[in-house]
Every structure is written in structure tokens, then in C-alpha cells.
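Structure file final.cif (mmCIF, C-alpha atoms) is printed below.
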```
data_input
#
loop_
_atom_site.label_atom_id
_atom_site.label_comp_id
_atom_site.auth_asym_id
_atom_site.auth_seq_id
_atom_site.Cartn_x
_atom_site.Cartn_y
_atom_site.Cartn_z
CA MET A 1 -26.43 -10.91 -12.54
CA SER A 2 -27.89 -7.81 -10.90
CA ARG A 3 -30.83 -5.95 -12.38
CA PRO A 4 -29.97 -2.28 -12.80
CA GLU A 5 -32.55 0.46 -12.36
CA LEU A 6 -32.79 2.27 -15.66
CA ASP A 7 -35.44 4.78 -16.64
CA ASP A 8 -36.49 5.93 -20.12
CA LEU A 9 -33.98 8.76 -20.15
CA ASP A 10 -31.13 6.36 -19.35
CA ARG A 11 -32.22 4.09 -22.19
CA GLN A 12 -32.52 7.00 -24.65
CA LEU A 13 -29.04 8.16 -23.67
CA ILE A 14 -27.59 4.68 -24.13
CA GLY A 15 -29.31 4.44 -27.52
CA ILE A 16 -27.80 7.71 -28.74
CA LEU A 17 -24.30 6.97 -27.45
CA ALA A 18 -24.38 3.43 -28.87
CA GLN A 19 -24.58 5.00 -32.33
CA ASP A 20 -21.88 7.61 -31.77
CA ALA A 21 -20.02 8.18 -28.54
CA ARG A 22 -18.49 11.46 -29.72
CA VAL A 23 -21.70 13.48 -29.85
CA SER A 24 -21.48 16.37 -27.37
CA ASN A 25 -23.47 16.59 -24.11
CA ARG A 26 -24.96 19.83 -25.45
CA LYS A 27 -26.31 18.14 -28.60
CA ILE A 28 -27.72 15.21 -26.59
CA ALA A 29 -29.31 17.62 -24.12
CA SER A 30 -31.04 19.62 -26.84
CA ASP A 31 -32.17 16.45 -28.70
CA LEU A 32 -33.71 15.01 -25.54
CA GLY A 33 -35.01 18.31 -24.18
CA VAL A 34 -33.13 18.11 -20.89
CA ASN A 35 -30.32 20.25 -19.55
CA GLU A 36 -26.66 19.58 -20.12
CA GLY A 37 -25.94 18.93 -16.45
CA THR A 38 -28.50 16.14 -16.41
CA VAL A 39 -26.84 14.50 -19.41
CA ARG A 40 -23.40 14.79 -17.82
CA GLY A 41 -24.64 13.38 -14.51
CA ARG A 42 -26.47 10.46 -16.11
CA ILE A 43 -23.50 9.48 -18.26
CA LYS A 44 -21.22 9.62 -15.24
CA ARG A 45 -23.57 7.40 -13.24
CA LEU A 46 -23.94 4.84 -16.05
CA GLN A 47 -20.16 4.66 -16.33
CA GLN A 48 -19.62 4.39 -12.58
CA GLU A 49 -22.15 1.59 -12.32
CA LYS A 50 -20.28 -0.21 -15.11
CA LEU A 51 -23.34 -0.27 -17.33
CA ILE A 52 -21.73 1.51 -20.26
CA ALA A 53 -18.19 2.18 -21.46
CA PHE A 54 -16.93 4.28 -24.34
CA THR A 55 -14.63 2.57 -26.74
CA ALA A 56 -13.55 2.23 -30.34
CA LEU A 57 -14.70 -0.66 -32.51
CA THR A 58 -12.44 -1.31 -35.44
CA GLY A 59 -12.62 -3.30 -38.63
CA MET A 60 -10.58 -6.46 -38.65
CA LYS A 61 -8.13 -4.76 -41.04
CA LEU A 62 -6.75 -2.69 -38.20
CA GLU A 63 -5.76 -5.78 -36.27
CA LYS A 64 -2.68 -7.75 -37.06
CA ALA A 65 -4.55 -10.67 -35.51
CA ALA A 66 -7.68 -10.77 -37.62
CA ASN A 67 -8.94 -14.33 -37.21
CA ILE A 68 -11.20 -15.67 -34.49
CA ALA A 69 -10.91 -19.02 -32.71
CA PHE A 70 -13.06 -20.53 -29.98
CA MET A 71 -11.34 -22.63 -27.34
CA ALA A 72 -13.45 -25.16 -25.44
CA ILE A 73 -11.35 -25.71 -22.33
CA GLN A 74 -11.54 -28.42 -19.69
CA ALA A 75 -10.19 -27.20 -16.39
CA ASP A 76 -10.02 -28.33 -12.77
CA THR A 77 -13.49 -27.54 -11.37
CA ALA A 78 -12.13 -26.72 -7.93
CA HIS A 79 -10.13 -23.80 -9.34
CA VAL A 80 -12.21 -22.81 -12.34
CA ARG A 81 -12.60 -19.13 -11.36
CA ARG A 82 -8.88 -18.58 -10.94
CA ILE A 83 -8.20 -20.49 -14.16
CA ALA A 84 -10.77 -18.42 -16.09
CA ARG A 85 -9.23 -15.19 -14.81
CA ASP A 86 -5.72 -16.36 -15.72
CA ILE A 87 -6.91 -17.14 -19.24
CA ALA A 88 -8.67 -13.77 -19.50
CA ASP A 89 -5.34 -12.05 -18.78
CA ILE A 90 -3.67 -13.59 -21.82
CA PRO A 91 -3.26 -11.04 -24.63
CA LEU A 92 -5.59 -11.62 -27.60
CA VAL A 93 -8.11 -13.48 -25.44
CA LYS A 94 -11.23 -11.34 -25.90
CA ALA A 95 -13.90 -13.32 -24.09
CA VAL A 96 -13.90 -15.89 -21.31
CA MET A 97 -16.96 -17.56 -19.85
CA ILE A 98 -17.30 -20.19 -17.14
CA MET A 99 -19.60 -22.88 -18.48
CA LEU A 100 -21.55 -25.94 -17.38
CA GLY A 101 -21.37 -28.53 -20.13
CA PRO A 102 -18.92 -30.69 -22.07
CA PHE A 103 -16.23 -28.10 -21.22
CA ASN A 104 -16.13 -25.64 -18.33
CA VAL A 105 -14.35 -22.61 -19.74
CA MET A 106 -14.91 -21.08 -23.14
CA ALA A 107 -12.50 -18.54 -24.56
CA THR A 108 -12.73 -16.43 -27.72
CA CYS A 109 -9.33 -15.50 -29.09
CA LEU A 110 -7.92 -13.46 -31.96
CA TYR A 111 -4.94 -14.76 -33.92
CA HIS A 112 -2.87 -13.80 -36.91
CA ASP A 113 -1.64 -17.10 -38.32
CA LEU A 114 -1.47 -20.75 -37.32
CA ASP A 115 1.86 -20.33 -35.52
CA ASP A 116 0.27 -17.62 -33.48
CA LEU A 117 -2.70 -19.87 -32.70
CA HIS A 118 -0.45 -22.75 -31.72
CA ARG A 119 1.48 -20.50 -29.35
CA LEU A 120 -1.80 -19.33 -27.83
CA ALA A 121 -3.48 -22.73 -27.45
CA SER A 122 -0.54 -24.95 -26.58
CA GLY A 123 1.84 -22.36 -25.24
CA ARG A 124 -0.33 -20.05 -23.18
CA ILE A 125 -3.71 -21.60 -22.43
CA LEU A 126 -2.60 -25.21 -21.88
CA GLU A 127 0.16 -23.87 -19.63
CA VAL A 128 -2.32 -22.33 -17.20
CA GLU A 129 -2.27 -24.49 -14.08
CA GLY A 130 -5.38 -26.66 -13.92
CA VAL A 131 -6.15 -26.68 -17.65
CA THR A 132 -6.31 -30.29 -18.84
CA HIS A 133 -7.63 -30.04 -22.38
CA VAL A 134 -8.14 -27.41 -25.06
CA GLU A 135 -10.27 -28.00 -28.14
CA THR A 136 -9.91 -25.30 -30.76
CA SER A 137 -12.55 -24.40 -33.34
CA LEU A 138 -11.52 -21.96 -36.03
CA VAL A 139 -14.12 -19.50 -37.23
CA VAL A 140 -14.38 -19.76 -40.99
CA LYS A 141 -17.27 -17.31 -41.29
CA THR A 142 -18.95 -14.89 -38.93
CA VAL A 143 -22.69 -14.87 -39.58
CA LYS A 144 -23.70 -12.69 -36.63
CA ILE A 145 -21.67 -10.87 -34.02
CA SER A 146 -22.71 -8.49 -31.25
CA ASN A 147 -19.83 -6.31 -30.23
CA ARG A 148 -21.94 -3.57 -28.62
CA VAL A 149 -22.91 -5.71 -25.67
CA VAL A 150 -20.02 -6.59 -23.39
CA ARG A 151 -19.04 -7.36 -19.85
CA ILE A 152 -17.71 -4.19 -18.26
CA THR A 153 -15.22 -5.20 -15.60
CA ASP A 154 -13.39 -3.46 -12.79
CA ALA A 155 -10.09 -3.64 -14.54
CA ASP A 156 -11.84 -2.18 -17.45
CA THR A 157 -10.22 -4.41 -19.93
CA LEU A 158 -11.96 -3.03 -22.96
CA SER A 159 -8.72 -1.66 -24.25
CA GLN A 160 -6.75 -3.88 -26.59
CA GLY A 161 -5.42 -7.27 -25.55
CA MET B 1 2.82 14.59 -38.05
CA LEU B 2 0.47 16.88 -39.96
CA ALA B 3 -2.65 16.14 -41.96
CA ARG B 4 -2.21 14.24 -45.20
CA PRO B 5 -2.17 16.11 -48.50
CA ALA B 6 -5.66 16.65 -49.89
CA ALA B 7 -4.99 14.54 -52.98
CA GLU B 8 -4.13 11.52 -50.91
CA LYS B 9 -7.18 12.04 -48.73
CA GLY B 10 -9.40 12.16 -51.81
CA LEU B 11 -7.93 8.94 -53.07
CA ASN B 12 -8.76 7.19 -49.85
CA ASN B 13 -12.38 8.25 -50.06
CA TYR B 14 -13.14 6.22 -53.13
CA MET B 15 -10.63 3.48 -52.55
CA ASN B 16 -11.90 2.08 -49.31
CA ASP B 17 -10.67 -1.36 -50.21
CA MET B 18 -7.19 0.05 -50.25
CA PHE B 19 -7.61 1.77 -46.90
CA ALA B 20 -4.50 1.41 -44.80
CA PHE B 21 -3.95 2.50 -41.23
CA ASP B 22 -0.67 4.12 -40.37
CA GLU B 23 0.99 4.45 -36.97
CA THR B 24 -0.73 7.76 -36.20
CA ASP B 25 -4.15 6.23 -36.93
CA ARG B 26 -3.36 3.31 -34.64
CA LYS B 27 -2.29 5.63 -31.84
CA ILE B 28 -5.49 7.64 -32.14
CA VAL B 29 -7.55 4.45 -32.06
CA GLU B 30 -5.66 3.29 -28.98
CA GLN B 31 -6.61 6.54 -27.20
CA LEU B 32 -10.23 6.14 -28.27
CA ARG B 33 -10.32 2.56 -27.03
CA ARG B 34 -9.32 3.82 -23.60
CA ASN B 35 -11.77 6.68 -23.67
CA GLY B 36 -14.12 7.10 -26.59
CA ARG B 37 -15.31 10.47 -25.23
CA ALA B 38 -11.87 12.04 -25.05
CA THR B 39 -11.96 15.35 -26.93
CA ASN B 40 -9.91 15.85 -30.10
CA GLN B 41 -7.86 18.33 -28.10
CA GLN B 42 -7.08 15.81 -25.33
CA ILE B 43 -6.08 13.16 -27.85
CA ALA B 44 -3.98 15.65 -29.79
CA GLU B 45 -2.11 16.74 -26.66
CA SER B 46 -1.27 13.21 -25.59
CA LEU B 47 0.03 12.31 -29.05
CA ASN B 48 1.73 15.58 -29.85
CA LEU B 49 -0.58 16.30 -32.77
CA ILE B 50 -2.90 19.15 -33.58
CA ALA B 51 -6.63 18.75 -32.90
CA SER B 52 -7.64 19.14 -36.55
CA THR B 53 -5.40 16.22 -37.53
CA VAL B 54 -7.12 14.08 -34.93
CA SER B 55 -10.61 15.02 -36.13
CA THR B 56 -9.70 14.54 -39.81
CA ARG B 57 -8.23 11.13 -39.19
CA ILE B 58 -11.14 9.95 -37.04
CA ARG B 59 -13.57 11.06 -39.74
CA ARG B 60 -11.49 9.38 -42.45
CA MET B 61 -11.44 6.06 -40.58
CA GLU B 62 -15.16 6.31 -39.85
CA GLU B 63 -15.99 7.08 -43.48
CA ALA B 64 -13.92 4.11 -44.61
CA GLY B 65 -16.05 1.90 -42.35
CA MET B 66 -13.04 0.96 -40.28
CA LEU B 67 -13.90 2.73 -37.03
CA ARG B 68 -16.91 3.40 -34.87
CA VAL B 69 -16.58 5.16 -31.54
CA VAL B 70 -19.51 4.00 -29.46
CA ALA B 71 -20.90 3.32 -26.04
CA VAL B 72 -20.92 -0.40 -25.41
CA SER B 73 -23.28 -1.61 -22.74
CA ASP B 74 -23.12 -4.39 -20.20
CA PHE B 75 -25.19 -7.57 -20.53
CA ALA B 76 -27.04 -6.36 -17.41
CA VAL B 77 -28.45 -3.34 -19.26
CA HIS B 78 -30.31 -5.70 -21.58
CA GLY B 79 -31.44 -8.06 -18.86
CA TYR B 80 -29.59 -10.98 -20.42
CA HIS B 81 -29.47 -13.25 -17.40
CA ILE B 82 -29.12 -16.55 -19.23
CA LEU B 83 -26.31 -17.32 -21.62
CA ILE B 84 -26.09 -20.58 -23.52
CA HIS B 85 -23.57 -21.85 -26.03
CA LEU B 86 -24.97 -24.28 -28.59
CA ALA B 87 -22.67 -26.46 -30.68
CA VAL B 88 -24.82 -27.23 -33.73
CA GLN B 89 -24.19 -30.14 -36.07
CA VAL B 90 -25.68 -29.79 -39.52
CA SER B 91 -26.77 -32.48 -41.93
CA GLY B 92 -28.25 -32.45 -45.43
CA ARG B 93 -28.02 -28.71 -45.93
CA PRO B 94 -25.21 -26.16 -46.31
CA ALA B 95 -24.12 -25.01 -42.83
CA LEU B 96 -24.11 -21.37 -43.94
CA GLU B 97 -27.81 -21.52 -44.85
CA VAL B 98 -28.67 -23.05 -41.49
CA ALA B 99 -26.56 -20.45 -39.66
CA GLU B 100 -28.20 -17.60 -41.58
CA ASP B 101 -31.65 -18.94 -40.73
CA LEU B 102 -30.72 -19.17 -37.05
CA ALA B 103 -29.04 -15.75 -36.96
CA VAL B 104 -32.31 -13.92 -37.66
CA PHE B 105 -33.73 -14.80 -34.24
CA PRO B 106 -33.14 -12.09 -31.62
CA GLU B 107 -32.14 -14.67 -28.99
CA VAL B 108 -29.12 -15.55 -31.15
CA PHE B 109 -26.41 -13.22 -29.90
CA ALA B 110 -23.64 -14.57 -32.11
CA ALA B 111 -23.38 -17.18 -34.86
CA HIS B 112 -20.18 -18.44 -36.46
CA LEU B 113 -19.28 -21.22 -38.85
CA VAL B 114 -16.40 -23.19 -37.35
CA THR B 115 -14.09 -26.11 -38.04
CA GLY B 116 -14.17 -29.12 -35.74
CA SER B 117 -16.73 -31.61 -34.47
CA TYR B 118 -19.67 -29.29 -35.13
CA GLU B 119 -20.38 -26.72 -37.82
CA ILE B 120 -22.14 -23.80 -36.12
CA SER B 121 -21.25 -22.08 -32.88
CA LEU B 122 -24.24 -20.20 -31.46
CA LEU B 123 -24.38 -17.99 -28.42
CA LEU B 124 -27.88 -17.43 -27.05
CA THR B 125 -28.86 -14.65 -24.65
CA LEU B 126 -32.13 -15.01 -22.80
CA ARG B 127 -33.82 -12.89 -20.16
CA ASP B 128 -35.41 -15.90 -18.52
CA ILE B 129 -34.91 -19.66 -18.66
CA ASP B 130 -38.61 -20.01 -19.57
CA GLU B 131 -37.71 -18.67 -23.02
CA LEU B 132 -35.58 -21.73 -23.73
CA PRO B 133 -38.11 -24.55 -24.33
CA PRO B 134 -40.19 -22.70 -26.98
CA LEU B 135 -36.98 -21.47 -28.65
CA ILE B 136 -35.52 -24.96 -29.01
CA THR B 137 -38.59 -27.10 -29.59
CA GLY B 138 -40.62 -24.48 -31.46
CA THR B 139 -38.52 -21.86 -33.23
CA PHE B 140 -35.29 -23.78 -33.96
CA ALA B 141 -37.20 -26.98 -34.73
CA LYS B 142 -38.59 -25.28 -37.84
CA VAL B 143 -35.10 -24.67 -39.25
CA PRO B 144 -34.20 -27.60 -41.53
CA GLY B 145 -30.75 -29.15 -41.47
CA ILE B 146 -30.06 -29.24 -37.74
CA LYS B 147 -28.74 -32.68 -36.79
CA SER B 148 -27.91 -32.05 -33.14
CA MET B 149 -27.43 -29.26 -30.61
CA THR B 150 -25.05 -29.63 -27.67
CA PRO B 151 -25.51 -26.98 -25.01
CA ALA B 152 -23.19 -25.49 -22.45
CA VAL B 153 -24.71 -23.14 -19.90
CA GLY B 154 -22.88 -19.91 -19.10
CA LEU B 155 -22.32 -19.59 -15.35
CA ASP B 156 -20.23 -16.42 -15.36
CA ILE B 157 -18.87 -14.00 -17.91
CA VAL B 158 -15.33 -13.25 -16.81
CA ARG B 159 -14.58 -11.19 -19.87
CA TYR B 160 -16.49 -10.28 -22.98
CA ALA B 161 -15.18 -7.46 -25.11
CA LEU B 162 -14.98 -8.10 -28.82
CA ASP B 163 -13.72 -4.77 -30.04
CA THR B 164 -13.07 -5.87 -33.59
CA GLY B 165 -15.39 -7.12 -36.25
CA PRO B 166 -17.86 -5.51 -38.60
CA VAL B 167 -18.24 -1.90 -37.51
CA ASP B 168 -20.91 -0.84 -39.96
CA SER B 169 -23.78 -2.35 -37.98
CA ARG B 170 -25.90 0.48 -36.66
CA SER B 171 -28.03 -1.77 -34.51
CA ALA B 172 -28.54 -0.24 -31.11
CA ALA B 173 -26.71 -1.92 -28.29
#
```
What would the structure in this file look like if it were written as C-alpha cells?
Amino acid sequence: MSRPELDDLDRQLIGILAQDARVSNRKIASDLGVNEGTVRGRIKRLQQEKLIAFTALTGMKLEKAANIAFMAIQADTAHVRRIARDIADIPLVKAVMIMLGPFNVMATCLYHDLDDLHRLASGRILEVEGVTHVETSLVVKTVKISNRVVRITDADTLSQG
Amino acid sequence: MLARPAAEKGLNNYMNDMFAFDETDRKIVEQLRRNGRATNQQIAESLNLIASTVSTRIRRMEEAGMLRVVAVSDFAVHGYHILIHLAVQVSGRPALEVAEDLAVFPEVFAAHLVTGSYEISLLLTLRDIDELPPLITGTFAKVPGIKSMTPAVGLDIVRYALDTGPVDSRSAA
């Protein structure tokens, strides 16, 4: 992963916007004692460099699919990147990582009920060419979650899924 | 659709448990997911609403603890270069207690109780691999109840965008 160049002002900006993305450039500028153009320019740069993105985080109640499952997936090592991308394109798959360990792809999925989960695991994920095994763990309790730190991608896939 | 009658709005304020999203709320959220900095006016125009309806509804969802519009930041901003999944088996102690003890450490990015061959799913984020030995053999070793830890090393994050979950956390990204 690359190491971005961020100065104190960038970090202050990110801190403010992480609390509330709808605060105006004018308010940020006056709080930080810089001019509005600087704020606008910095935000634009941070977005262009895919370091920040503005989105809405919602309570689980908003989602029809309000349960989380982890899928530990064994996939053909020769094609693992393509396989991981194919899995990431499946709706309701929120996170996909290529791993080195007892499994080589890990996916975090949202589901509504067990039928839904079955369709996702057996129907969609196991159907991806090169996937040989899927082991599903259902989350029964979330003790800690960090939804403010993400991977910002080209496609910007932050929206729904 | 216009703003809700005041009486209904008042009801929602003290009955958060009963909070229900309607189609208009969902459409506003969808716009905000795409661009959290869109102005009320821009959102209103694309949904054929008036700007005050948009601002009222956003505030209502925020006050009910159901919505936060925020900047999310990339792993790179935080210098998290190492990502490790730990499948933790627990013995002789409730898994929830063990998970809560582990969750307090800043290196623990996420902790969930799960069904299956292990009880706790942990995601660790480290800035450097040198942080791993003291974390495992020092810090985690002091937490009672851990029977085994099976690691998987993250090689690439293809996607990571959990946009649902508890929204009340004010912890800086």
C-alpha cells in the first residue's frame, strides 16, 4: 500500500469531516483559520487521491439485509485476483480480502434470512469459477466494528450493494 | 411528498425504537451514499422534493441515531499496511468476555462473535509487522480464555466498505 503525503491541515480536515460530512466549507475554513478556497482545494485533492469519500452510514434497521456473515473461501490460487473481484461484484458483499492462510479469500456479506444466505453462499459465491469451498460463519454479536475506515476504489463502490 | 405533520414528527423524537424509514427517507439516503456532500437543494431537485423536506428528514434520521453522513477514509490514510484475520477459539470463559477484552486494544479493527469452528473473528490492523510479536505474545497473552489463534494474512483489500452498523460511534476515522 502506498504512503500518502498528508500534512496537519489534511488530518484536521479529515477529522472534522469524519464527524459530519455536511458541514460547510465556510464553517471549516473559519474553524481552522484558513480561507475557503484552501478548504475546497484540499477536499478535492483528498477525494481525487482516493483517500477520503463522503457517504452515509446507516443503522442496520434501514437495511432489509441486517445480518452479517463471514465467508472463508478457498479459491484457485492462479486466478485469485479475478475470483476476488468477481465476488466483490456480488450484491450484498461488502468486503473482500485476498488472504494467505487456511483460506485465500475472505468475504463479509449482509443477509436478511437463511434463504438469502443460502442463495448467496451456494448460489452466488460457490458458482464463481475457481471457488472450491466456502465456509460460512454467522455473526451472532458485533463487539467492535470500524466502518469509517474503508478501501476507496476506482469504481467507487461505496454506494449500496 | 411534503414534510410530515408536526405531531407525527414529535412522536418520532421520543419513540426512537419505533423509528421507521419510508421510501422518501431511503431515497435521500441513497443520494447521500453516492455523495454525502450534496447540498439539500441538489438532493431535493433530483428527488422532486423541496429542500426543507430534505433537511428535516436528514435531521430526523440523524437524531434517531439511524444516519450519519461522514467522510470515510482509506486504510492508507491511517498507515495500516498490515492486515491480519485471527480466528480465535475460546475455552473456559464466555466468548463475549474474551472478545470485549480484546476489542479494547487499538490494533483490533473489528471483533465479532461467530458460529462455526471458532468463536471470535478478529481483524487486526498494524502499521508495521514488528508490532505483531509483542501484540500476540505480550498483550493478547494476558487475556484469559484464549485457546488458540489461527491467522490469515491480508494480501490485498479488494473491497472494504461496511456502510451499515452502529452509527452512533463518534470515534474519528
### Task
When you get a sec, could you note down which chain A residues fall within 7 Å of chain B, using only C-alpha atoms, as JSON, numbers by chain?
{"A": [1, 2, 3, 4, 15, 17, 18, 19, 20, 21, 22, 51, 52, 53, 54, 55, 56, 57, 58, 59, 60, 62, 84, 85, 88, 94, 95, 96, 97, 98, 99, 100, 101, 102, 137, 138, 139, 140, 141, 142, 143, 144, 145, 146, 147, 148, 149, 150, 151, 152, 158, 159]}
### Selection under test: the PyMOL selection byres ((chain A and resi 110-125) around 12); residues as a PyMOL selection string
(chain A and resi 60-75+83-96+105-109+126-139+160-161) or (chain B and resi 161-165)
### Expansion of the PyMOL selection byres ((chain B and resi 136) around 12) into residues, as a PyMOL selection string
chain B and resi 84+86+88+102+105+107-108+124+129-135+137-143+146+148-151
Keeping only C-alpha atoms, write the selected residues as a short mmCIF file (atom, residue, chain, number, x, y, z; two decimals), keeping the file's coordinate frame.
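Result written to out.cif:
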```
data_model
loop_
_atom_site.label_atom_id
_atom_site.label_comp_id
_atom_site.auth_asym_id
_atom_site.auth_seq_id
_atom_site.Cartn_x
_atom_site.Cartn_y
_atom_site.Cartn_z
CA ILE B 84 -26.09 -20.58 -23.52
CA LEU B 86 -24.97 -24.28 -28.59
CA VAL B 88 -24.82 -27.23 -33.73
CA LEU B 102 -30.72 -19.17 -37.05
CA PHE B 105 -33.73 -14.80 -34.24
CA GLU B 107 -32.14 -14.67 -28.99
CA VAL B 108 -29.12 -15.55 -31.15
CA LEU B 124 -27.88 -17.43 -27.05
CA ILE B 129 -34.91 -19.66 -18.66
CA ASP B 130 -38.61 -20.01 -19.57
CA GLU B 131 -37.71 -18.67 -23.02
CA LEU B 132 -35.58 -21.73 -23.73
CA PRO B 133 -38.11 -24.55 -24.33
CA PRO B 134 -40.19 -22.70 -26.98
CA LEU B 135 -36.98 -21.47 -28.65
CA THR B 137 -38.59 -27.10 -29.59
CA GLY B 138 -40.62 -24.48 -31.46
CA THR B 139 -38.52 -21.86 -33.23
CA PHE B 140 -35.29 -23.78 -33.96
CA ALA B 141 -37.20 -26.98 -34.73
CA LYS B 142 -38.59 -25.28 -37.84
CA VAL B 143 -35.10 -24.67 -39.25
CA ILE B 146 -30.06 -29.24 -37.74
CA SER B 148 -27.91 -32.05 -33.14
CA MET B 149 -27.43 -29.26 -30.61
CA THR B 150 -25.05 -29.63 -27.67
CA PRO B 151 -25.51 -26.98 -25.01
#
```
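Picture a line from atom CA of Ile43 of chain A to atom CA of Ile16 of chain A; it runs 11.5 Å.
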### Message
So the first atom is atom CA of Leu32 of chain A and the second is atom CA of Leu13 of chain A; what is the distance between them in Å, to one decimal place?
### Response
8.5 Å
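If you look at atom CA of Glu45 of chain B and atom CA of Gln48 of chain A, they are 25.6 Å away from each other.
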### Message
When you count all atoms listed in the file, which of these residues is closest to Asp31 of chain A: A:Gln12, A:Thr153, A:Thr77, A:Asn104?
### Response
A:Gln12
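Listed by chain and then by number, the residues chosen by the PyMOL selection byres ((chain A and resi 40) around 12) in this file are Asp10, Leu13, Ser24, Asn25, Arg26, Lys27, Ile28, Ala29, Val34, Asn35, Glu36, Gly37, Thr38, Val39, Gly41, Arg42, Ile43, Lys44, Arg45, Leu46 and Gln47 of chain A; Arg37 of chain B.
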